[in-house]
$ cat run_23.cif   # mmCIF, C-alpha atoms
data_data
#
loop_
_atom_site.label_atom_id
_atom_site.label_comp_id
_atom_site.auth_asym_id
_atom_site.auth_seq_id
_atom_site.Cartn_x
_atom_site.Cartn_y
_atom_site.Cartn_z
CA MET O 1 97.35 -26.27 -164.72
CA LEU O 2 96.03 -28.28 -161.74
CA ILE O 3 99.51 -28.58 -160.30
CA ALA O 4 100.08 -24.82 -160.62
CA VAL O 5 96.79 -24.07 -158.83
CA GLY O 6 97.72 -26.53 -156.06
CA MET O 7 101.14 -24.97 -155.58
CA LEU O 8 99.65 -21.48 -155.54
CA GLY O 9 97.10 -22.60 -152.93
CA SER O 10 99.77 -24.08 -150.70
CA LEU O 11 101.80 -20.86 -150.84
CA THR O 12 98.88 -18.59 -149.99
CA GLY O 13 97.66 -20.86 -147.21
CA CYS O 14 100.40 -19.59 -144.92
CA THR O 15 99.37 -15.98 -145.40
CA VAL O 16 95.61 -16.51 -145.27
CA TYR O 17 95.73 -18.54 -142.04
CA PRO O 18 98.54 -17.21 -139.86
CA ASP O 19 100.10 -19.35 -137.14
CA LYS O 20 98.09 -19.46 -133.94
CA LYS O 21 99.96 -17.83 -131.10
CA PRO O 22 99.71 -19.30 -127.62
CA PRO O 23 97.41 -17.36 -125.29
CA THR O 24 98.92 -14.75 -123.00
CA VAL O 25 97.65 -13.12 -119.83
CA ALA O 26 96.75 -10.06 -121.89
CA SER O 27 94.93 -12.04 -124.59
CA THR O 28 92.74 -14.37 -122.50
CA THR O 29 89.95 -14.19 -119.97
CA SER O 30 89.78 -17.97 -119.60
CA ALA O 31 90.55 -19.33 -116.12
CA GLU O 32 91.71 -22.60 -117.68
CA GLN O 33 94.17 -20.78 -119.95
CA LEU O 34 95.39 -18.68 -117.02
CA GLU O 35 95.99 -21.88 -115.02
CA ARG O 36 98.04 -23.26 -117.90
CA ILE O 37 99.96 -19.96 -118.23
CA TYR O 38 100.60 -20.05 -114.47
CA TRP O 39 102.14 -23.54 -114.60
CA SER O 40 104.11 -22.69 -117.72
CA ALA O 41 105.60 -19.73 -115.83
CA VAL O 42 106.45 -22.03 -112.89
CA LYS O 43 108.23 -24.49 -115.19
CA LYS O 44 110.23 -21.65 -116.77
CA GLY O 45 111.07 -20.15 -113.39
CA ASP O 46 109.32 -16.88 -114.31
CA TRP O 47 108.58 -16.04 -110.67
CA GLN O 48 107.54 -12.47 -111.47
CA GLN O 49 104.74 -13.83 -113.69
CA VAL O 50 103.79 -16.45 -111.07
CA VAL O 51 103.44 -13.82 -108.34
CA ALA O 52 101.52 -11.48 -110.69
CA LEU O 53 98.87 -14.18 -111.23
CA GLN O 54 98.41 -14.78 -107.49
CA GLY O 55 96.15 -12.69 -105.29
CA PRO O 56 97.70 -10.84 -102.33
CA SER O 57 96.13 -13.20 -99.76
CA VAL O 58 96.24 -16.40 -101.85
CA LEU O 59 96.17 -19.68 -99.93
CA PHE O 60 97.78 -22.89 -101.16
CA THR O 61 97.45 -26.42 -99.84
CA ASN O 62 100.26 -28.64 -101.10
CA ARG O 63 100.02 -32.40 -101.59
CA ALA O 64 101.36 -33.01 -98.05
CA GLY O 65 98.39 -31.06 -96.66
CA ASN O 66 100.42 -28.00 -95.61
CA HIS O 67 98.77 -24.57 -95.95
CA LEU O 68 101.07 -22.00 -97.48
CA SER O 69 100.88 -18.27 -98.19
CA GLY O 70 101.73 -17.00 -101.66
CA GLN O 71 105.41 -16.37 -100.89
CA GLU O 72 105.74 -19.69 -99.02
CA TRP O 73 104.26 -21.44 -102.07
CA VAL O 74 106.70 -19.72 -104.43
CA ASP O 75 109.60 -20.72 -102.14
CA PHE O 76 108.24 -24.30 -102.09
CA LEU O 77 108.08 -24.36 -105.91
CA LYS O 78 111.58 -22.89 -106.25
CA GLN O 79 112.95 -25.77 -104.15
CA ASP O 80 111.19 -28.43 -106.20
CA THR O 81 110.13 -26.93 -109.53
CA PRO O 82 108.10 -29.35 -111.65
CA SER O 83 109.74 -30.29 -114.91
CA GLU O 84 106.30 -31.23 -116.24
CA TYR O 85 102.80 -30.23 -115.12
CA MET O 86 100.22 -31.83 -117.39
CA ILE O 87 96.61 -30.77 -116.88
CA GLY O 88 93.65 -32.90 -117.95
CA ALA O 89 89.91 -33.41 -117.43
CA VAL O 90 89.39 -29.74 -116.58
CA GLU O 91 86.00 -28.65 -115.31
CA VAL O 92 85.23 -24.96 -114.92
CA HIS O 93 82.51 -24.01 -112.46
CA PRO O 94 81.51 -20.33 -112.61
CA GLN O 95 80.64 -18.79 -109.24
CA GLY O 96 79.29 -15.42 -110.28
CA ALA O 97 82.23 -13.64 -111.90
CA ASP O 98 84.73 -15.98 -110.23
CA MET O 99 85.83 -19.38 -111.56
CA VAL O 100 86.49 -22.65 -109.76
CA LEU O 101 88.62 -25.11 -111.71
CA SER O 102 88.88 -28.77 -110.87
CA TYR O 103 91.20 -31.02 -112.82
CA PHE O 104 93.66 -33.86 -112.69
CA ALA O 105 97.36 -33.14 -113.01
CA SER O 106 100.30 -35.37 -113.68
CA VAL O 107 103.34 -33.71 -112.14
CA THR O 108 106.95 -34.76 -112.62
CA ASP O 109 109.41 -33.04 -110.34
CA LYS O 110 112.99 -32.39 -111.41
CA LYS O 111 114.17 -34.56 -108.51
CA SER O 112 112.21 -37.65 -109.65
CA THR O 113 111.37 -39.42 -112.88
CA SER O 114 107.96 -40.85 -112.05
CA PRO O 115 104.94 -38.52 -112.14
CA VAL O 116 102.67 -37.87 -109.18
CA GLU O 117 98.97 -37.91 -109.99
CA LEU O 118 96.98 -35.12 -108.32
CA ALA O 119 93.41 -33.93 -108.01
CA VAL O 120 93.50 -30.13 -108.07
CA VAL O 121 91.10 -27.31 -107.28
CA SER O 122 91.97 -23.70 -108.11
CA VAL O 123 89.85 -20.63 -107.50
CA TRP O 124 90.27 -17.61 -109.75
CA GLN O 125 88.66 -14.35 -108.63
CA GLN O 126 87.72 -11.55 -110.96
CA VAL O 127 89.44 -8.27 -110.16
CA GLY O 128 88.54 -5.56 -112.65
CA THR O 129 88.72 -7.17 -116.07
CA SER O 130 91.16 -9.93 -115.16
CA LEU O 131 91.33 -13.00 -112.95
CA ILE O 132 93.80 -13.77 -110.15
CA MET O 133 94.37 -17.04 -108.31
CA VAL O 134 93.08 -16.84 -104.72
CA ALA O 135 93.21 -20.52 -103.70
CA HIS O 136 94.87 -23.70 -104.94
CA SER O 137 94.73 -27.17 -103.43
CA GLU O 138 96.47 -30.37 -104.52
CA THR O 139 95.51 -33.83 -103.27
CA PRO O 140 97.37 -37.01 -104.29
CA ARG O 141 95.20 -39.41 -106.25
CA VAL O 142 95.30 -42.92 -104.91
CA SER O 143 93.58 -45.88 -106.46
CA ALA O 144 91.06 -47.69 -104.36
CA SER O 145 92.33 -51.00 -103.05
CA LYS O 146 90.19 -54.12 -102.91
#

$ encode --input "run_23.cif" --output "structure tokens"
Amino acid sequence: MLIAVGMLGSLTGCTVYPDKKPPTVASTTSAEQLERIYWSAVKKGDWQQVVALQGPSVLFTNRAGNHLSGQEWVDFLKQDTPSEYMIGAVEVHPQGADMVLSYFASVTDKKSTSPVELAVVSVWQQVGTSLIMVAHSETPRVSASK
């Protein structure tokens, strides 16, 4: 009897608790989730989605210190698309309705095998009911030498 109840419970568990679906632009209002969706779109080469998440006058600063417009940034990413963009230690700082994200990223480009460690700041501005990226800056992390 106990075995039958256990088997029945394991079968119904799949229908009671459906699989969690990853967040989408339409299903989230979280700046952190939008940042992750943005980088997922970059990795997949979904440039339409990347551009849709950027504001019309977005400003990027790449790890070399160059300031790029939205289209220049997309062209830069197309030339050296990251194969991995891992985000960690995210802090979200609300500024009214807008959000400032600061985090560390470990980025592996398709042209190299060793990751580059970055300190990143992204600004997401509320437009209507959604957020768009209006600024993004990447700075290489270097360890302090003695």

$ resolve_selection --input "run_23.cif" --expression "the PyMOL selection byres ((chain O and resi 62-73) around 8)" --output "count of residues only"
18

$ resolve_selection --input "run_23.cif" --expression "the PyMOL selection byres ((chain O and resi 92-95) around 12)" --output "PyMOL selection string"
chain O and resi 30-33+35+88-91+96-103+120-126

$ atom_distance --input "run_23.cif" --atom1 "atom CA of Ser112 of chain O" --atom2 "atom CA of Ala135 of chain O"
26.3 Å

$ atom_distance --input "run_23.cif" --atom1 "atom CA of Trp39 of chain O" --atom2 "atom CA of Arg141 of chain O"
19.2 Å

$ atom_distance --input "run_23.cif" --atom1 "atom CA of Val127 of chain O" --atom2 "atom CA of Glu84 of chain O"
29.1 Å

$ residues_near_point --input "run_23.cif" --point "(102.0, -25.4, -120.3)" --cutoff "9 Å" --atoms "all atoms listed in the file" --output "list in words"
Glu35, Arg36, Ile37, Tyr38, Trp39, Ser40, Ala41, Lys43, Glu84, Tyr85, Met86 and Ile87 of chain O
